[in-house]
$ cat my_file23.pdb   # PDB, C-alpha atoms, pLDDT in the B column
ATOM      1  CA  MET A 353     -27.624 -26.455  -4.904  1.00 50.00           C
ATOM      2  CA  PRO A 354     -26.237 -29.015  -7.283  1.00 53.00           C
ATOM      3  CA  THR A 355     -26.878 -28.657 -10.980  1.00 51.00           C
ATOM      4  CA  ASN A 356     -25.883 -30.490 -14.126  1.00 55.00           C
ATOM      5  CA  GLU A 357     -26.602 -29.776 -17.774  1.00 75.00           C
ATOM      6  CA  ALA A 358     -30.227 -30.874 -17.693  1.00 92.00           C
ATOM      7  CA  TYR A 359     -31.491 -30.204 -14.144  1.00 96.00           C
ATOM      8  CA  LEU A 360     -31.176 -27.941 -11.136  1.00 97.00           C
ATOM      9  CA  ARG A 361     -31.897 -29.778  -7.879  1.00 97.00           C
ATOM     10  CA  VAL A 362     -32.914 -27.908  -4.710  1.00 97.00           C
ATOM     11  CA  PRO A 363     -34.114 -29.101  -1.298  1.00 97.00           C
ATOM     12  CA  VAL A 364     -37.732 -28.219  -0.492  1.00 98.00           C
ATOM     13  CA  ILE A 365     -40.229 -28.475   2.339  1.00 96.00           C
ATOM     14  CA  ARG A 366     -43.875 -29.257   1.540  1.00 96.00           C
ATOM     15  CA  VAL A 367     -46.490 -26.934   3.054  1.00 97.00           C
ATOM     16  CA  GLU A 368     -50.160 -27.946   3.171  1.00 96.00           C
ATOM     17  CA  GLN A 369     -52.832 -25.220   3.006  1.00 96.00           C
ATOM     18  CA  PRO A 370     -56.501 -25.116   1.903  1.00 95.00           C
ATOM     19  CA  LEU A 371     -55.731 -23.925  -1.668  1.00 93.00           C
ATOM     20  CA  GLY A 372     -53.334 -26.834  -2.069  1.00 95.00           C
ATOM     21  CA  PRO A 373     -49.778 -27.842  -1.268  1.00 97.00           C
ATOM     22  CA  PHE A 374     -46.745 -25.783  -2.207  1.00 98.00           C
ATOM     23  CA  PHE A 375     -43.017 -26.112  -1.621  1.00 98.00           C
ATOM     24  CA  ILE A 376     -40.603 -23.708   0.049  1.00 98.00           C
ATOM     25  CA  THR A 377     -36.955 -23.387  -0.981  1.00 98.00           C
ATOM     26  CA  ARG A 378     -34.255 -20.925  -1.989  1.00 98.00           C
ATOM     27  CA  ILE A 379     -33.017 -20.419  -5.529  1.00 98.00           C
ATOM     28  CA  LYS A 380     -30.287 -18.113  -6.816  1.00 98.00           C
ATOM     29  CA  ALA A 381     -31.419 -15.085  -8.797  1.00 98.00           C
ATOM     30  CA  GLN A 382     -29.401 -16.178 -11.852  1.00 97.00           C
ATOM     31  CA  HIS A 383     -31.368 -19.434 -12.033  1.00 97.00           C
ATOM     32  CA  LEU A 384     -34.754 -17.793 -11.510  1.00 98.00           C
ATOM     33  CA  LEU A 385     -34.041 -15.309 -14.300  1.00 97.00           C
ATOM     34  CA  ARG A 386     -33.438 -18.197 -16.726  1.00 96.00           C
ATOM     35  CA  LEU A 387     -36.082 -20.642 -15.517  1.00 97.00           C
ATOM     36  CA  THR A 388     -39.141 -18.423 -15.002  1.00 97.00           C
ATOM     37  CA  HIS A 389     -41.298 -16.035 -17.002  1.00 95.00           C
ATOM     38  CA  THR A 390     -43.792 -13.272 -16.334  1.00 90.00           C
ATOM     39  CA  THR A 391     -46.821 -12.396 -18.386  1.00 77.00           C
ATOM     40  CA  ALA A 392     -48.891  -9.263 -17.898  1.00 62.00           C
ATOM     41  CA  LEU A 393     -52.632  -9.789 -17.506  1.00 53.00           C
ATOM     42  CA  GLN A 394     -54.348  -9.368 -20.885  1.00 49.00           C
ATOM     43  CA  ILE A 395     -57.371 -10.466 -22.851  1.00 54.00           C
ATOM     44  CA  ALA A 396     -56.128 -13.362 -24.972  1.00 57.00           C
ATOM     45  CA  GLY A 397     -59.240 -14.257 -26.931  1.00 60.00           C
ATOM     46  CA  ARG A 398     -62.675 -12.765 -27.230  1.00 62.00           C
ATOM     47  CA  ASP A 399     -65.982 -14.133 -28.375  1.00 64.00           C
ATOM     48  CA  ILE A 400     -69.384 -12.431 -28.386  1.00 62.00           C
ATOM     49  CA  ASP A 401     -70.259 -13.561 -24.860  1.00 63.00           C
ATOM     50  CA  THR A 402     -66.929 -14.650 -23.380  1.00 61.00           C
ATOM     51  CA  TYR A 403     -63.264 -13.804 -23.237  1.00 50.00           C
ATOM     52  CA  ASP A 404     -60.084 -15.535 -22.097  1.00 53.00           C
ATOM     53  CA  LEU A 405     -57.520 -13.988 -19.818  1.00 51.00           C
ATOM     54  CA  ALA A 406     -53.810 -14.702 -20.117  1.00 51.00           C
ATOM     55  CA  GLY A 407     -51.101 -13.826 -17.634  1.00 53.00           C
ATOM     56  CA  GLY A 408     -51.581 -12.601 -14.136  1.00 51.00           C
ATOM     57  CA  GLN A 409     -49.051  -9.851 -13.529  1.00 55.00           C
ATOM     58  CA  ARG A 410     -49.094  -6.091 -13.780  1.00 58.00           C
ATOM     59  CA  LYS A 411     -47.152  -4.634 -16.688  1.00 65.00           C
ATOM     60  CA  PRO A 412     -43.459  -4.286 -15.789  1.00 63.00           C
ATOM     61  CA  GLN A 413     -42.521  -0.884 -14.395  1.00 75.00           C
ATOM     62  CA  PRO A 414     -38.996   0.036 -15.578  1.00 84.00           C
ATOM     63  CA  GLN A 415     -38.531   2.724 -12.910  1.00 89.00           C
ATOM     64  CA  ARG A 416     -39.391   0.290 -10.121  1.00 89.00           C
ATOM     65  CA  ARG A 417     -36.981  -2.259 -11.588  1.00 91.00           C
ATOM     66  CA  LYS A 418     -34.168   0.328 -11.592  1.00 94.00           C
ATOM     67  CA  GLU A 419     -34.873   1.297  -7.967  1.00 96.00           C
ATOM     68  CA  ILE A 420     -34.749  -2.338  -6.917  1.00 96.00           C
ATOM     69  CA  SER A 421     -31.502  -2.868  -8.862  1.00 97.00           C
ATOM     70  CA  ARG A 422     -29.901   0.023  -6.966  1.00 97.00           C
ATOM     71  CA  TYR A 423     -31.131  -1.467  -3.675  1.00 97.00           C
ATOM     72  CA  ILE A 424     -29.690  -4.907  -4.547  1.00 98.00           C
ATOM     73  CA  GLU A 425     -26.269  -3.291  -4.948  1.00 97.00           C
ATOM     74  CA  THR A 426     -26.293  -1.980  -1.366  1.00 97.00           C
ATOM     75  CA  SER A 427     -24.784  -3.793   1.607  1.00 96.00           C
ATOM     76  CA  GLU A 428     -28.216  -3.770   3.290  1.00 97.00           C
ATOM     77  CA  ALA A 429     -30.073  -5.655   0.527  1.00 97.00           C
ATOM     78  CA  ALA A 430     -32.557  -8.176   1.906  1.00 97.00           C
ATOM     79  CA  PHE A 431     -35.573  -9.926   0.391  1.00 97.00           C
ATOM     80  CA  PRO A 432     -37.145 -12.085   3.107  1.00 97.00           C
ATOM     81  CA  ASN A 433     -40.500 -12.436   1.297  1.00 95.00           C
ATOM     82  CA  SER A 434     -40.983 -15.332  -1.101  1.00 97.00           C
ATOM     83  CA  ILE A 435     -41.021 -15.125  -4.851  1.00 97.00           C
ATOM     84  CA  ILE A 436     -44.158 -17.160  -5.638  1.00 97.00           C
ATOM     85  CA  LEU A 437     -44.019 -19.428  -8.680  1.00 97.00           C
ATOM     86  CA  GLY A 438     -46.522 -21.507 -10.626  1.00 97.00           C
ATOM     87  CA  ALA A 439     -44.456 -24.344 -12.106  1.00 98.00           C
ATOM     88  CA  ASN A 440     -45.225 -26.387 -15.210  1.00 98.00           C
ATOM     89  CA  PHE A 441     -46.807 -23.636 -17.290  1.00 96.00           C
ATOM     90  CA  ASP A 442     -45.344 -22.078 -20.412  1.00 94.00           C
ATOM     91  CA  GLU A 443     -45.440 -18.343 -21.161  1.00 91.00           C
ATOM     92  CA  HIS A 444     -48.820 -18.775 -22.891  1.00 90.00           C
ATOM     93  CA  GLY A 445     -50.402 -20.239 -19.751  1.00 90.00           C
ATOM     94  CA  GLN A 446     -50.483 -23.768 -21.155  1.00 93.00           C
ATOM     95  CA  LEU A 447     -49.789 -26.721 -18.870  1.00 96.00           C
ATOM     96  CA  VAL A 448     -46.425 -28.289 -19.694  1.00 96.00           C
ATOM     97  CA  GLU A 449     -46.910 -32.039 -19.935  1.00 96.00           C
ATOM     98  CA  GLU A 450     -43.657 -33.132 -21.579  1.00 95.00           C
ATOM     99  CA  GLU A 451     -41.722 -35.114 -18.972  1.00 90.00           C
ATOM    100  CA  GLY A 452     -38.308 -33.521 -19.606  1.00 93.00           C
ATOM    101  CA  LYS A 453     -39.757 -30.018 -19.128  1.00 96.00           C
ATOM    102  CA  ARG A 454     -41.820 -30.527 -15.960  1.00 97.00           C
ATOM    103  CA  TRP A 455     -40.712 -29.435 -12.503  1.00 98.00           C
ATOM    104  CA  ARG A 456     -41.103 -32.429 -10.174  1.00 98.00           C
ATOM    105  CA  ILE A 457     -40.608 -33.554  -6.594  1.00 98.00           C
ATOM    106  CA  GLU A 458     -38.443 -36.476  -5.509  1.00 97.00           C
ATOM    107  CA  GLN A 459     -39.186 -37.567  -1.943  1.00 94.00           C
ATOM    108  CA  ASN A 460     -36.136 -38.101   0.267  1.00 88.00           C
ATOM    109  CA  GLU A 461     -36.675 -41.337   2.147  1.00 89.00           C
ATOM    110  CA  GLY A 462     -36.929 -40.904   5.911  1.00 87.00           C
ATOM    111  CA  SER A 463     -36.846 -37.099   5.710  1.00 87.00           C
ATOM    112  CA  GLU A 464     -39.366 -34.294   5.908  1.00 87.00           C
ATOM    113  CA  CYS A 465     -37.430 -32.609   3.117  1.00 91.00           C
ATOM    114  CA  ALA A 466     -37.717 -33.512  -0.553  1.00 97.00           C
ATOM    115  CA  THR A 467     -35.861 -32.443  -3.690  1.00 97.00           C
ATOM    116  CA  LEU A 468     -37.308 -30.222  -6.393  1.00 98.00           C
ATOM    117  CA  VAL A 469     -35.951 -31.201  -9.807  1.00 98.00           C
ATOM    118  CA  ILE A 470     -36.055 -28.282 -12.253  1.00 98.00           C
ATOM    119  CA  PRO A 471     -35.336 -28.821 -15.963  1.00 97.00           C
ATOM    120  CA  THR A 472     -32.914 -26.192 -17.250  1.00 96.00           C
ATOM    121  CA  ALA A 473     -34.085 -26.467 -20.883  1.00 91.00           C
ATOM    122  CA  GLY A 474     -36.476 -23.511 -20.640  1.00 94.00           C
ATOM    123  CA  ALA A 475     -38.671 -21.229 -18.563  1.00 96.00           C
ATOM    124  CA  PHE A 476     -41.545 -23.431 -17.412  1.00 97.00           C
ATOM    125  CA  ALA A 477     -42.650 -21.565 -14.293  1.00 97.00           C
ATOM    126  CA  ALA A 478     -44.680 -18.365 -14.066  1.00 96.00           C
ATOM    127  CA  VAL A 479     -43.817 -15.714 -11.503  1.00 96.00           C
ATOM    128  CA  ILE A 480     -47.063 -15.274  -9.578  1.00 95.00           C
ATOM    129  CA  ASP A 481     -45.685 -12.636  -7.209  1.00 94.00           C
ATOM    130  CA  GLY A 482     -42.306 -10.924  -7.008  1.00 94.00           C
ATOM    131  CA  GLN A 483     -41.672 -10.069 -10.651  1.00 93.00           C
ATOM    132  CA  HIS A 484     -40.154  -6.654  -9.919  1.00 92.00           C
ATOM    133  CA  ARG A 485     -37.868  -8.038  -7.201  1.00 95.00           C
ATOM    134  CA  LEU A 486     -36.650 -10.643  -9.642  1.00 96.00           C
ATOM    135  CA  MET A 487     -36.395  -8.235 -12.595  1.00 96.00           C
ATOM    136  CA  GLY A 488     -34.223  -5.980 -10.443  1.00 97.00           C
ATOM    137  CA  PHE A 489     -31.469  -8.579 -10.807  1.00 98.00           C
ATOM    138  CA  GLU A 490     -31.385  -8.113 -14.598  1.00 95.00           C
ATOM    139  CA  ASP A 491     -29.365  -4.900 -14.220  1.00 92.00           C
ATOM    140  CA  VAL A 492     -26.861  -5.795 -11.478  1.00 97.00           C
ATOM    141  CA  PRO A 493     -23.231  -6.933 -11.751  1.00 97.00           C
ATOM    142  CA  THR A 494     -22.916 -10.678 -12.346  1.00 96.00           C
ATOM    143  CA  ASP A 495     -21.343 -11.311  -8.931  1.00 96.00           C
ATOM    144  CA  LEU A 496     -24.689 -10.358  -7.338  1.00 97.00           C
ATOM    145  CA  LEU A 497     -26.587 -13.014  -9.286  1.00 98.00           C
ATOM    146  CA  ASP A 498     -25.679 -15.615  -6.651  1.00 97.00           C
ATOM    147  CA  PHE A 499     -28.114 -13.800  -4.330  1.00 98.00           C
ATOM    148  CA  GLU A 500     -30.448 -16.445  -2.889  1.00 98.00           C
ATOM    149  CA  LEU A 501     -34.159 -15.714  -2.966  1.00 98.00           C
ATOM    150  CA  PRO A 502     -36.795 -17.518  -0.911  1.00 98.00           C
ATOM    151  CA  CYS A 503     -39.380 -19.155  -3.156  1.00 98.00           C
ATOM    152  CA  SER A 504     -42.811 -20.688  -2.688  1.00 98.00           C
ATOM    153  CA  ILE A 505     -43.622 -23.011  -5.563  1.00 98.00           C
ATOM    154  CA  TYR A 506     -46.970 -24.411  -6.641  1.00 98.00           C
ATOM    155  CA  LEU A 507     -46.836 -27.350  -9.044  1.00 98.00           C
ATOM    156  CA  ASP A 508     -49.602 -27.474 -11.674  1.00 97.00           C
ATOM    157  CA  LEU A 509     -51.688 -24.713 -10.050  1.00 96.00           C
ATOM    158  CA  PRO A 510     -54.165 -23.665 -12.786  1.00 93.00           C
ATOM    159  CA  VAL A 511     -53.633 -20.164 -14.196  1.00 90.00           C
ATOM    160  CA  PRO A 512     -56.924 -18.758 -12.756  1.00 89.00           C
ATOM    161  CA  TYR A 513     -55.749 -19.786  -9.274  1.00 91.00           C
ATOM    162  CA  GLN A 514     -52.343 -18.215  -9.942  1.00 92.00           C
ATOM    163  CA  ALA A 515     -54.135 -14.938 -10.745  1.00 86.00           C
ATOM    164  CA  TYR A 516     -56.255 -15.380  -7.606  1.00 88.00           C
ATOM    165  CA  VAL A 517     -53.139 -15.791  -5.410  1.00 90.00           C
ATOM    166  CA  PHE A 518     -51.612 -12.665  -6.983  1.00 85.00           C
ATOM    167  CA  ALA A 519     -54.824 -10.675  -6.439  1.00 82.00           C
ATOM    168  CA  VAL A 520     -55.220 -11.758  -2.820  1.00 83.00           C
ATOM    169  CA  ILE A 521     -51.613 -10.874  -2.003  1.00 81.00           C
ATOM    170  CA  ASN A 522     -51.564  -7.537  -3.802  1.00 75.00           C
ATOM    171  CA  PHE A 523     -55.067  -6.159  -3.341  1.00 70.00           C
ATOM    172  CA  ASN A 524     -56.295  -7.481   0.000  1.00 59.00           C
ATOM    173  CA  GLN A 525     -53.384  -6.610   2.239  1.00 54.00           C
ATOM    174  CA  LYS A 526     -54.027  -4.467   5.294  1.00 50.00           C
ATOM    175  CA  LYS A 527     -51.680  -1.614   6.096  1.00 51.00           C
TER     176      LYS A 527
END
$ encode --input "my_file23.pdb" --output "structure tokens"
Amino acid sequence: MPTNEAYLRVPVIRVEQPLGPFFITRIKAQHLLRLTHTTALQIAGRDIDTYDLAGGQRKPQPQRRKEISRYIETSEAAFPNSIILGANFDEHGQLVEEEGKRWRIEQNEGSECATLVIPTAGAFAAVIDGQHRLMGFEDVPTDLLDFELPCSIYLDLPVPYQAYVFAVINFNQKK
């Protein structure tokens, strides 16, 4: 996955589904830790009749993070499920519109694959699902940060839909 000072470039495949398109790729843990953010669900503003929600994640659980870190350090570590990201949103849930900060797709002519271009100047993608898996990498030796993680990435998916995706995945699963 080539990178330069300003951008990380990764190959992606577009997937079409009723909620909207998303892109599948793999990104190293070290990059995801720098280029993404998580925000716990909270009431951001309140009026007499209405309120605004910010974030879409559960509060981080330090014990779970430590358990995952220990697992990552084993020879059996595997994370086949995607980290799901909502790109082009800052940590306050605001759409990032500045061109040099937006994640974007470049179509590869004559190929089903495309290239995702990720600005490295900040964290402009929200972790919709997989925050604890990703946070587990914060406490591992640096040689394990090259661990590749599968990612599903929505571009410009509004924050309420990000919360919806999280809720559907985490609360409607059947055992």
$ resolve_selection --input "my_file23.pdb" --expression "the PyMOL selection byres ((chain A and resi 463-471) around 8)" --output "list in words"
Ala358, Tyr359, Leu360, Arg361, Val362, Pro363, Val364, Ile365, Arg366, Gly452, Lys453, Arg454, Trp455, Arg456, Ile457, Glu458, Gln459, Asn460, Glu461, Gly462, Thr472, Ala473 and Gly474 of chain A
$ write_last_selection --input "my_file23.pdb" --atoms "C-alpha atoms" --output "short mmCIF file (atom, residue, chain, number, x, y, z; two decimals), in the frame of the given file"
data_model
loop_
_atom_site.label_atom_id
_atom_site.label_comp_id
_atom_site.auth_asym_id
_atom_site.auth_seq_id
_atom_site.Cartn_x
_atom_site.Cartn_y
_atom_site.Cartn_z
CA ALA A 358 -30.23 -30.87 -17.69
CA TYR A 359 -31.49 -30.20 -14.14
CA LEU A 360 -31.18 -27.94 -11.14
CA ARG A 361 -31.90 -29.78 -7.88
CA VAL A 362 -32.91 -27.91 -4.71
CA PRO A 363 -34.11 -29.10 -1.30
CA VAL A 364 -37.73 -28.22 -0.49
CA ILE A 365 -40.23 -28.48 2.34
CA ARG A 366 -43.88 -29.26 1.54
CA GLY A 452 -38.31 -33.52 -19.61
CA LYS A 453 -39.76 -30.02 -19.13
CA ARG A 454 -41.82 -30.53 -15.96
CA TRP A 455 -40.71 -29.44 -12.50
CA ARG A 456 -41.10 -32.43 -10.17
CA ILE A 457 -40.61 -33.55 -6.59
CA GLU A 458 -38.44 -36.48 -5.51
CA GLN A 459 -39.19 -37.57 -1.94
CA ASN A 460 -36.14 -38.10 0.27
CA GLU A 461 -36.67 -41.34 2.15
CA GLY A 462 -36.93 -40.90 5.91
CA THR A 472 -32.91 -26.19 -17.25
CA ALA A 473 -34.08 -26.47 -20.88
CA GLY A 474 -36.48 -23.51 -20.64
#
$ closest_atom_pairs --input "my_file23.pdb" --of "region 437-488 of chain A" --to "region 430-433 of chain A" --cutoff "10 Å" --atoms "all atoms listed in the file" --output "CSV"
residue,atom,partner,partner_atom,distance
A:Asp481,CA,A:Asn433,CA,10.0
A:Gly482,CA,A:Asn433,CA,8.6
A:Arg485,CA,A:Phe431,CA,8.2
$ residues_around --input "my_file23.pdb" --residues "Val492 (chain A)" --least-positions-apart "4" --cutoff "10 Å" --atoms "all atoms listed in the file" --output "PyMOL selection string"
chain A and resi 418+420-425+487-488+496-497
$ residues_around --input "my_file23.pdb" --residues "region 505-522 of chain A" --least-positions-apart "5" --cutoff "7 Å" --atoms "all atoms listed in the file" --output "list of chain:residue names"
A:Pro373, A:Phe374, A:Phe375, A:Ile376, A:Gly408, A:Ile436, A:Leu437, A:Gly438, A:Ala439, A:Asn440, A:Gly445, A:Ile480, A:Asp481
$ residues_around --input "my_file23.pdb" --residues "His383 (chain A)" --least-positions-apart "2" --cutoff "9 Å" --atoms "all atoms listed in the file" --output "PyMOL selection string"
chain A and resi 360+379-381+385-388+472+497-498
$ write_last_selection --input "my_file23.pdb" --atoms "C-alpha atoms" --output "PDB file, in the frame of the given file"
ATOM      1  CA  LEU A 360     -31.176 -27.941 -11.136  1.00 97.00           C
ATOM      2  CA  ILE A 379     -33.017 -20.419  -5.529  1.00 98.00           C
ATOM      3  CA  LYS A 380     -30.287 -18.113  -6.816  1.00 98.00           C
ATOM      4  CA  ALA A 381     -31.419 -15.085  -8.797  1.00 98.00           C
ATOM      5  CA  LEU A 385     -34.041 -15.309 -14.300  1.00 97.00           C
ATOM      6  CA  ARG A 386     -33.438 -18.197 -16.726  1.00 96.00           C
ATOM      7  CA  LEU A 387     -36.082 -20.642 -15.517  1.00 97.00           C
ATOM      8  CA  THR A 388     -39.141 -18.423 -15.002  1.00 97.00           C
ATOM      9  CA  THR A 472     -32.914 -26.192 -17.250  1.00 96.00           C
ATOM     10  CA  LEU A 497     -26.587 -13.014  -9.286  1.00 98.00           C
ATOM     11  CA  ASP A 498     -25.679 -15.615  -6.651  1.00 97.00           C
TER      12      ASP A 498
END
$ decode --input "my_file23.pdb" --residues "region 359-371 of chain A" --atoms "N, CA and C atoms" --output "compact mmCIF listing (two decimals), in the first residue's frame"
# COMPACT_ATOMS: atom_id res chain seq x y z
N TYR A 359 -0.71 11.44 1.29
CA TYR A 359 -1.80 10.49 1.05
C TYR A 359 -1.37 9.04 1.22
N LEU A 360 -2.31 8.24 1.67
CA LEU A 360 -2.19 6.79 1.68
C LEU A 360 -3.11 6.32 0.55
N ARG A 361 -2.64 5.43 -0.28
CA ARG A 361 -3.44 4.93 -1.41
C ARG A 361 -3.61 3.43 -1.26
N VAL A 362 -4.87 2.96 -1.29
CA VAL A 362 -5.14 1.53 -1.15
C VAL A 362 -6.14 1.08 -2.22
N PRO A 363 -5.95 -0.14 -2.74
CA PRO A 363 -6.92 -0.66 -3.71
C PRO A 363 -8.23 -1.00 -3.01
N VAL A 364 -9.35 -0.76 -3.69
CA VAL A 364 -10.67 -1.05 -3.14
C VAL A 364 -11.56 -1.69 -4.20
N ILE A 365 -12.59 -2.36 -3.70
CA ILE A 365 -13.65 -2.90 -4.55
C ILE A 365 -14.95 -2.27 -4.08
N ARG A 366 -15.74 -1.76 -5.03
CA ARG A 366 -17.03 -1.14 -4.72
C ARG A 366 -18.08 -2.22 -4.55
N VAL A 367 -18.90 -2.07 -3.51
CA VAL A 367 -20.00 -3.00 -3.23
C VAL A 367 -21.29 -2.18 -3.21
N GLU A 368 -22.27 -2.60 -3.97
CA GLU A 368 -23.57 -1.92 -4.02
C GLU A 368 -24.58 -2.66 -3.15
N GLN A 369 -25.23 -1.94 -2.25
CA GLN A 369 -26.29 -2.49 -1.41
C GLN A 369 -27.38 -1.44 -1.23
N PRO A 370 -28.58 -1.82 -0.75
CA PRO A 370 -29.68 -0.86 -0.65
C PRO A 370 -29.36 0.42 0.13
N LEU A 371 -28.62 0.35 1.23
CA LEU A 371 -28.29 1.55 2.00
C LEU A 371 -27.40 2.50 1.21
